[in-house]
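Chemist: Just passing along the structure, written as structure tokens.
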Amino acid sequence: MCGIVGYIGTKEAKPILLGGLKRLEYRGYDSAGIAVIDQAMSQVKSIGKISSLEKKMANQEFPGSLGIAHTRWATHGQPSDINAHPHIDCQGIIALVHNGIIENYQSLRQLLMQEGHEFVSETDTEVLVHLIEKHYEGNNLEQAVQRALLQSQGAYGIVVVSSSEPNKLVAARNGSPLVLGIKKGEYFVASDVAALLPYTRQVIYLNDGEMVTMDRDGYKVTNLFNQKIDKEIEKIKWDLAMIEKGGFPHFMLKEIYEQPQAISNTLSGRVKGGQNIVHLRSLDGDIIKKLPHINSIKILACGTSWHAGLVAAFLMEKVLRIPVTCEQASEFRYRSPVIQPGTLAISISQSGETADTKGAVELVKELGAYNLGIVNVVGSTIARLVDGGVYLHAGPEIGVASTKAFSCQVTALSILNLGLSKILDRSQPLPSGKPRVPDIDFKKIVDELLILPEKVEQVLKGVYDIKSKRGIVHKIAEELQDKNNFLYLGRGYNYPIALEGALKLKEISYIHAEGYSAAEMKHGPIALIDKEMPVVIIAPSDSEEPISYDKIASNAEVVRARGGRIIAIVNEGDKIISNMAEWVIEIPNTLAHLVPILATIPLQLLAYEIAVLRGNDPDMPRNLAKSVTVE
Ligand code: AGP
């Protein structure tokens, strides 16, 4: 989620562009850049926040009333000066900023290099500016942009200027937001309205497949075939604080609702319907030679990321038929672990900066393990420590309580599991002599992954209503907001969800909550149950392990018999456990290892709602930091 600003008008562009970037900084801030056109083009880019860019510009003139600027949230290519936007063509005439992912950038890059284009960055974005340059001969800027975009696949929100046409700004959108600011004699483009507020409240929202050509006398919206589109001018009613949160009261709620899009971003370009391969660059090339002999996997993480790792450990051991364990990095790194040759270490970290996870990765590197990382922040410390990995592309996660990162971690690990199942040598029989499991139903898993965003959307709509506040989660939160203890129970893939649901409640409502294996209840915790103890039971019917539903049903029976107040997370149409529960939250069916994503959403919302009812700020809970960079 990058921040984009463009301006064409009668005023100096520089202050307008920098001011706009600052109001978009929450969208991503690992590097930034600006290009302004007067007679010629002046441009500067800098790693770091907008303030670093301003420092770099301090002694330079930036004349001109046409320009573009960008604050980056890296997806392809480390955060660096050279990878920062704007990107420039070979002749230094065209400048472009981009928000999104160009999926076919590798093939386009090869094609353009064969035609003599020289690339300086590692980004997918730079391909676009050279493609526009290629089509610029014999065409004007908007025609060149149209032709280039018709050759591109993936998501984009772009703004383009050229010093050969200093009275023109072109922008186009497909999948990444772009909004136009309208003011007499001045026109603006931005990735969201926050950048436009100080100048105008008259806006036009571009839709996918639309583009705009602006000059100082007006603008024209068309599709990529130059067919004119009439657009309505709307008036912004929000204030800045609301806009940064997309109209949500807190970043946490915004990020809970971003999960369908975030999961789509994680899936983008990596799995395709009907294909029984996954596209993971970290499993290409020489890693292939190292991985087949992997004979065990060690997953390392903390907090919510550790919960995602527990889900993956269960899945990977079941599918890959090698020992897989998931360790709390903080404990692992100090217990003199033994790492056998042939160990693959998978570290999971949203921030990529968690000190304990970083320490554990450094240790397993020394001990000879091969390292993959599941990280959200591109170019973060852990991302640079590992040998390869899978970026989440979930966008910045601002709320301290991790939500969309968790869903994307489980999604990424499911994709990685598919990839590993193709590489690891599973032909050898198990030590017991038994054959390894038959080939997995790749197509079914890929199809389920591809409809996961839709099912997440369905859960969100089914359990919570932001405006009316009449959803089932509101009812439960109002009734139980003053309780002092909660118990969360789950089995198998959903034991980690019991832990995750409890962690969410603890960290933002400050209510003591414990996640427990439902099977372990009879070994002591059952003594806790009484009518003052709300018990959340995650109990989807598990088509892959039907026995576990029956067992958790008997666990639920034990809880009910002792007066526990049950909140049951069940599949649609459940008839058994839902009859024992005081509140029933239904989720759609999916594969057992993807249920954790759907089951966690009501628990995220329950924790959020109770925290708000108790007067807490869910975005900044006491005693906590978003990234625990200390031990
Ligand atoms: C989860 O809601 C917490 N914010 C915390 O447990 C977090 O998951 C943990 O600190 C790990 O962070 P990381 O994913 O950035 O490494």
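A note on labels: chains of the structure tokens are A, B, ... as shown, every chain counts residues from 1, and ligands are counted from 1 in their shown order.
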Compute the set of protein, DNA and RNA residues whose minimum atom distance to ligand 1 is at most 7 Å, using only C-alpha atoms and all ligand atoms, and state it as a list in words.

Modeler: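 Every residue with an atom at most 7 Å from ligand 1 is listed here: Ala301, Cys302, Gly303, Thr304, Ser305, Ile348, Ser349, Gln350, Ser351, Gly352, Glu353, Thr354, Thr357, Val400, Ala401, Ser402, Thr403, Leu503, Lys504, Lys626, Ser627 and Val628 of chain A.
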
Chemist: Please identify all polymer residues within 9 Å of A:Val612, counting only C-alpha atoms, omitting same-chain residues fewer than 5 positions from it, and present them as a list of chain:residue names.

Modeler: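 The residues that qualify are A:Ile508, A:Ser509, A:Ala607, A:Asp617, A:Pro618.
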
Chemist: Could those selected residues go to a file with N, CA and C atoms, as a PDB file, in the first residue's frame?

Modeler:
ATOM      1  N   ILE A 508      -5.785  -6.466  24.262  1.00  0.00           N
ATOM      2  CA  ILE A 508      -6.445  -5.175  24.030  1.00  0.00           C
ATOM      3  C   ILE A 508      -7.577  -4.893  25.014  1.00  0.00           C
ATOM      4  N   SER A 509      -8.117  -5.946  25.683  1.00  0.00           N
ATOM      5  CA  SER A 509      -9.197  -5.670  26.662  1.00  0.00           C
ATOM      6  C   SER A 509      -8.659  -5.756  28.092  1.00  0.00           C
ATOM      7  N   ALA A 607     -12.683  -9.550  20.585  1.00  0.00           N
ATOM      8  CA  ALA A 607     -11.676  -8.853  21.399  1.00  0.00           C
ATOM      9  C   ALA A 607     -11.758  -7.357  21.162  1.00  0.00           C
ATOM     10  N   ASP A 617      -8.082   1.788  23.950  1.00  0.00           N
ATOM     11  CA  ASP A 617      -7.747   2.097  22.561  1.00  0.00           C
ATOM     12  C   ASP A 617      -7.138   0.840  21.950  1.00  0.00           C
ATOM     13  N   PRO A 618      -7.870   0.099  21.131  1.00  0.00           N
ATOM     14  CA  PRO A 618      -7.341  -1.173  20.607  1.00  0.00           C
ATOM     15  C   PRO A 618      -6.063  -0.988  19.810  1.00  0.00           C
TER      16      PRO A 618
END

Chemist: Report the distance between atom CA of A:Ile423 and atom CA of A:Val278 in Å, rounded to one decimal place.

Modeler: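 If I compute the distance from atom CA of A:Ile423 to atom CA of A:Val278, I get 11.1 Å.
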
Chemist: Just want the 7 Å neighbourhood of A:Val390, counted on only C-alpha atoms, with same-chain residues fewer than 3 positions away dropped. Output as a CSV table (one decimal) with N, CA, C and O atoms, in the first residue's frame.

Modeler:
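Result saved to selection.csv:
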chain,number,residue,atom,x,y,z
A,282,SER,N,11.2,-18.1,-4.1
A,282,SER,CA,12.1,-18.6,-3.1
A,282,SER,C,12.3,-20.1,-3.2
A,282,SER,O,13.2,-20.7,-2.6
A,373,GLY,N,11.8,-17.3,5.2
A,373,GLY,CA,11.1,-16.4,6.1
A,373,GLY,C,9.7,-16.1,5.6
A,373,GLY,O,9.5,-16.0,4.3
A,374,ILE,N,8.8,-16.0,6.5
A,374,ILE,CA,7.4,-15.6,6.1
A,374,ILE,C,7.3,-14.2,6.8
A,374,ILE,O,7.1,-14.1,8.0
A,375,VAL,N,7.5,-13.1,6.0
A,375,VAL,CA,7.6,-11.8,6.5
A,375,VAL,C,6.7,-10.8,5.8
A,375,VAL,O,6.4,-11.0,4.6
A,412,ALA,N,0.1,-17.9,3.4
A,412,ALA,CA,1.4,-18.0,2.7
A,412,ALA,C,2.0,-19.4,3.1
A,412,ALA,O,2.6,-20.1,2.2

Chemist: Between atom CA of A:Ala74 and atom CA of A:Asp38, what is the distance in Å, rounded to a tenth?

Modeler: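 Atom CA of A:Asp38 lies 29.1 Å from atom CA of A:Ala74.
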
Chemist: So how far away is atom CA of A:Gly20 from atom CA of A:Ala194, in Å?

Modeler: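 Atom-to-atom, atom CA of A:Ala194 to atom CA of A:Gly20, that is 7.5 Å.
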
Chemist: Please provide the set of residues having any atom within 12 Å of A:Asn484, restricted to only C-alpha atoms, with same-chain residues fewer than 2 positions apart removed, written as a list in words.

Modeler: Leu480, Gln481, Asp482, Phe486, Leu487, Leu505, Lys506, Ser509, Tyr510, Ile511, His512, Ala513, Glu514, Glu532, Met533, Pro534 and Ile610 of chain A

Chemist: Compare A:Tyr199, A:Ile529, A:Ala518, A:Asn623 by their minimum atom-to-atom distance to A:Asp550, counting only C-alpha atoms, and give me the closest one.

Modeler: A:Ala518

Chemist: Using only C-alpha atoms, which residues sit within 12 Å of A:Leu416 once same-chain residues fewer than 4 positions away are excluded, as a PyMOL selection string?

Modeler: chain A and resi 266-267+270-271+277-283+312-313+315-316+319-320+346+372-374+388-392+408-412+420-424+446

Chemist: Could you dump the residues just selected with N, CA and C atoms as a short mmCIF file (atom, residue, chain, number, x, y, z; two decimals), in the first residue's frame?

Modeler:
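Result went into again_24.cif, see below:
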data_model
loop_
_atom_site.label_atom_id
_atom_site.label_comp_id
_atom_site.auth_asym_id
_atom_site.auth_seq_id
_atom_site.Cartn_x
_atom_site.Cartn_y
_atom_site.Cartn_z
N THR A 266 -1.65 -11.84 -0.94
CA THR A 266 -0.71 -12.93 -0.63
C THR A 266 -0.77 -14.01 -1.71
N LEU A 267 -1.98 -14.25 -2.20
CA LEU A 267 -2.18 -15.29 -3.22
C LEU A 267 -1.72 -14.83 -4.61
N ARG A 270 0.86 -16.29 -7.19
CA ARG A 270 1.52 -17.48 -6.62
C ARG A 270 0.72 -18.76 -6.86
N VAL A 271 -0.60 -18.66 -6.86
CA VAL A 271 -1.42 -19.81 -7.18
C VAL A 271 -2.44 -19.41 -8.24
N ILE A 277 0.74 -26.23 -9.68
CA ILE A 277 2.06 -25.75 -9.25
C ILE A 277 1.84 -24.43 -8.53
N VAL A 278 2.80 -24.07 -7.69
CA VAL A 278 2.75 -22.73 -7.09
C VAL A 278 3.95 -21.97 -7.61
N HIS A 279 3.82 -20.65 -7.66
CA HIS A 279 4.91 -19.82 -8.17
C HIS A 279 5.53 -19.10 -6.98
N LEU A 280 6.62 -19.65 -6.47
CA LEU A 280 7.33 -19.02 -5.34
C LEU A 280 8.79 -18.86 -5.74
N ARG A 281 9.21 -17.63 -5.91
CA ARG A 281 10.60 -17.41 -6.34
C ARG A 281 11.58 -18.01 -5.35
N SER A 282 11.18 -18.09 -4.07
CA SER A 282 12.15 -18.59 -3.08
C SER A 282 12.33 -20.10 -3.22
N LEU A 283 11.48 -20.74 -4.03
CA LEU A 283 11.68 -22.19 -4.24
C LEU A 283 12.26 -22.46 -5.62
N ALA A 312 0.75 -24.27 10.76
CA ALA A 312 1.57 -24.78 9.64
C ALA A 312 2.29 -26.07 10.02
N ALA A 313 2.73 -26.17 11.27
CA ALA A 313 3.45 -27.37 11.69
C ALA A 313 2.53 -28.59 11.56
N LEU A 315 -0.04 -28.88 9.59
CA LEU A 315 -0.29 -29.12 8.15
C LEU A 315 0.91 -29.77 7.49
N MET A 316 2.11 -29.20 7.71
CA MET A 316 3.29 -29.66 6.99
C MET A 316 3.67 -31.08 7.38
N VAL A 319 1.34 -33.44 5.65
CA VAL A 319 1.46 -33.55 4.18
C VAL A 319 2.85 -34.00 3.75
N LEU A 320 3.87 -33.41 4.35
CA LEU A 320 5.24 -33.66 3.87
C LEU A 320 5.83 -34.91 4.50
N ILE A 346 11.94 -22.28 9.19
CA ILE A 346 10.99 -21.30 8.63
C ILE A 346 10.68 -20.30 9.73
N LEU A 372 14.08 -20.14 5.47
CA LEU A 372 13.06 -19.39 4.74
C LEU A 372 12.35 -18.48 5.73
N GLY A 373 11.84 -17.34 5.21
CA GLY A 373 11.13 -16.42 6.10
C GLY A 373 9.74 -16.12 5.55
N ILE A 374 8.78 -16.01 6.47
CA ILE A 374 7.42 -15.57 6.11
C ILE A 374 7.26 -14.20 6.76
N GLY A 388 15.75 -17.21 1.71
CA GLY A 388 14.64 -16.95 0.78
C GLY A 388 13.37 -16.86 1.60
N GLY A 389 12.26 -16.60 0.94
CA GLY A 389 11.05 -16.52 1.74
C GLY A 389 9.84 -16.11 0.94
N VAL A 390 8.75 -15.88 1.67
CA VAL A 390 7.48 -15.50 1.05
C VAL A 390 6.99 -14.22 1.74
N TYR A 391 6.97 -13.13 1.00
CA TYR A 391 6.43 -11.89 1.57
C TYR A 391 4.90 -11.97 1.59
N LEU A 392 4.31 -11.39 2.63
CA LEU A 392 2.85 -11.47 2.75
C LEU A 392 2.14 -10.52 1.78
N CYS A 408 -2.76 -13.83 6.60
CA CYS A 408 -1.87 -13.94 5.43
C CYS A 408 -0.72 -14.89 5.71
N GLN A 409 -0.29 -14.99 6.97
CA GLN A 409 0.76 -15.95 7.31
C GLN A 409 0.27 -17.38 7.07
N VAL A 410 -0.94 -17.69 7.54
CA VAL A 410 -1.47 -19.04 7.35
C VAL A 410 -1.65 -19.31 5.86
N THR A 411 -2.08 -18.28 5.13
CA THR A 411 -2.24 -18.43 3.67
C THR A 411 -0.90 -18.69 3.00
N ALA A 412 0.09 -17.90 3.35
CA ALA A 412 1.44 -18.04 2.75
C ALA A 412 2.03 -19.40 3.09
N LEU A 420 6.59 -26.96 -1.25
CA LEU A 420 7.53 -27.95 -0.69
C LEU A 420 7.12 -29.37 -1.05
N SER A 421 5.80 -29.59 -1.13
CA SER A 421 5.34 -30.95 -1.42
C SER A 421 5.78 -31.38 -2.83
N LYS A 422 6.05 -30.38 -3.67
CA LYS A 422 6.51 -30.68 -5.03
C LYS A 422 8.03 -30.90 -5.06
N ILE A 423 8.71 -30.39 -4.06
CA ILE A 423 10.18 -30.41 -4.12
C ILE A 423 10.75 -31.52 -3.24
N LEU A 424 10.20 -31.62 -2.01
CA LEU A 424 10.80 -32.61 -1.10
C LEU A 424 10.68 -34.00 -1.68
N VAL A 446 -5.82 -25.42 -4.00
CA VAL A 446 -5.69 -24.14 -4.73
C VAL A 446 -7.06 -23.51 -4.90
#

Chemist: Skipping near chain neighbours, those fewer than 6 positions away, what residues fall within 12 Å of A:Ser578 using only C-alpha atoms, listed as a tab-separated table (two decimals) with N, CA, C and O atoms, in the first residue's frame?

Modeler:
chain	number	residue	atom	x	y	z
A	536	VAL	N	-15.03	-20.08	25.07
A	536	VAL	CA	-15.13	-20.05	23.60
A	536	VAL	C	-14.63	-21.40	23.10
A	536	VAL	O	-13.49	-21.79	23.39
A	537	ILE	N	-15.47	-22.10	22.36
A	537	ILE	CA	-15.07	-23.42	21.83
A	537	ILE	C	-15.06	-23.36	20.31
A	537	ILE	O	-16.09	-23.09	19.69
A	538	ILE	N	-13.85	-23.55	19.73
A	538	ILE	CA	-13.73	-23.53	18.27
A	538	ILE	C	-13.93	-24.96	17.78
A	538	ILE	O	-13.09	-25.83	18.05
A	539	ALA	N	-15.07	-25.21	17.15
A	539	ALA	CA	-15.45	-26.61	16.89
A	539	ALA	C	-16.05	-26.79	15.51
A	539	ALA	O	-17.23	-27.15	15.38
A	540	PRO	N	-15.29	-26.54	14.46
A	540	PRO	CA	-15.84	-26.82	13.13
A	540	PRO	C	-15.89	-28.32	12.88
A	540	PRO	O	-15.10	-29.06	13.46
A	541	SER	N	-16.86	-28.73	12.09
A	541	SER	CA	-16.88	-30.17	11.76
A	541	SER	C	-15.68	-30.39	10.84
A	541	SER	O	-15.46	-29.64	9.90
A	552	ILE	N	-14.50	-33.01	20.61
A	552	ILE	CA	-14.68	-31.66	21.15
A	552	ILE	C	-16.13	-31.47	21.58
A	552	ILE	O	-16.42	-30.72	22.51
A	553	ALA	N	-17.02	-32.22	20.97
A	553	ALA	CA	-18.43	-32.16	21.41
A	553	ALA	C	-18.54	-32.70	22.84
A	553	ALA	O	-19.24	-32.13	23.68
A	556	ALA	N	-17.31	-30.11	25.11
A	556	ALA	CA	-18.31	-29.06	25.29
A	556	ALA	C	-19.37	-29.51	26.29
A	556	ALA	O	-19.83	-28.75	27.15
A	557	GLU	N	-19.71	-30.77	26.21
A	557	GLU	CA	-20.71	-31.34	27.13
A	557	GLU	C	-20.23	-31.20	28.58
A	557	GLU	O	-20.96	-30.78	29.47
A	560	ARG	N	-20.53	-27.61	29.65
A	560	ARG	CA	-21.93	-27.20	29.89
A	560	ARG	C	-22.45	-27.79	31.20
A	560	ARG	O	-23.13	-27.13	31.99
A	566	ILE	N	-21.06	-21.20	27.04
A	566	ILE	CA	-20.32	-21.55	25.81
A	566	ILE	C	-20.61	-20.60	24.66
A	566	ILE	O	-21.77	-20.31	24.35
A	567	ILE	N	-19.53	-20.14	24.03
A	567	ILE	CA	-19.62	-19.43	22.75
A	567	ILE	C	-19.01	-20.40	21.73
A	567	ILE	O	-17.83	-20.73	21.84
A	568	ALA	N	-19.83	-20.87	20.83
A	568	ALA	CA	-19.34	-21.92	19.91
A	568	ALA	C	-19.09	-21.33	18.52
A	568	ALA	O	-19.93	-20.63	17.97
A	569	ILE	N	-17.89	-21.59	18.00
A	569	ILE	CA	-17.57	-21.24	16.60
A	569	ILE	C	-17.73	-22.54	15.81
A	569	ILE	O	-16.94	-23.48	16.00
A	570	VAL	N	-18.77	-22.63	15.01
A	570	VAL	CA	-19.09	-23.89	14.33
A	570	VAL	C	-19.33	-23.64	12.85
A	570	VAL	O	-19.45	-22.51	12.41
A	571	ASN	N	-19.41	-24.76	12.09
A	571	ASN	CA	-19.73	-24.63	10.67
A	571	ASN	C	-21.22	-24.38	10.50
A	571	ASN	O	-22.04	-24.75	11.35
A	572	GLU	N	-21.56	-23.77	9.37
A	572	GLU	CA	-22.98	-23.52	9.06
A	572	GLU	C	-23.73	-24.83	9.14
A	572	GLU	O	-23.26	-25.88	8.68
A	584	VAL	N	-23.89	-18.89	19.31
A	584	VAL	CA	-23.36	-19.69	18.20
A	584	VAL	C	-22.91	-18.76	17.08
A	584	VAL	O	-23.67	-17.91	16.64
A	585	ILE	N	-21.65	-18.91	16.68
A	585	ILE	CA	-21.12	-18.14	15.55
A	585	ILE	C	-20.80	-19.12	14.44
A	585	ILE	O	-19.99	-20.04	14.63
A	586	GLU	N	-21.46	-18.98	13.30
A	586	GLU	CA	-21.28	-19.92	12.20
A	586	GLU	C	-20.27	-19.40	11.20
A	586	GLU	O	-20.26	-18.21	10.90

Chemist: Go through A:Thr125, A:Asn83, A:Gln146, A:Ser427 one by one, measure the shortest atom-to-atom distance of each to A:Val97 using only C-alpha atoms, and give the residue with the smallest value.

Modeler: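 For A:Val97, the nearest of the given residues is A:Thr125.
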
Chemist: Which of these, A:Ala13, A:Leu21, A:Leu310, A:Ile229, has the shortest distance to A:His593 once you count only C-alpha atoms?

Modeler: A:Leu310

Chemist: Please produce, as JSON lines, a per-residue contact table for stretch 213-267 of chain A versus stretch 465-473 of chain A (criterion: any atom at most 10 Å away, only C-alpha atoms considered), showing the nearest atom pair and its distance in Å to one decimal, sorted by chain then residue number.

Modeler:
{"residue": "A:Phe248", "atom": "CA", "partner": "A:Ile466", "partner_atom": "CA", "distance": 8.7}
{"residue": "A:Pro249", "atom": "CA", "partner": "A:Ile466", "partner_atom": "CA", "distance": 9.6}
{"residue": "A:Leu253", "atom": "CA", "partner": "A:Ile466", "partner_atom": "CA", "distance": 9.3}
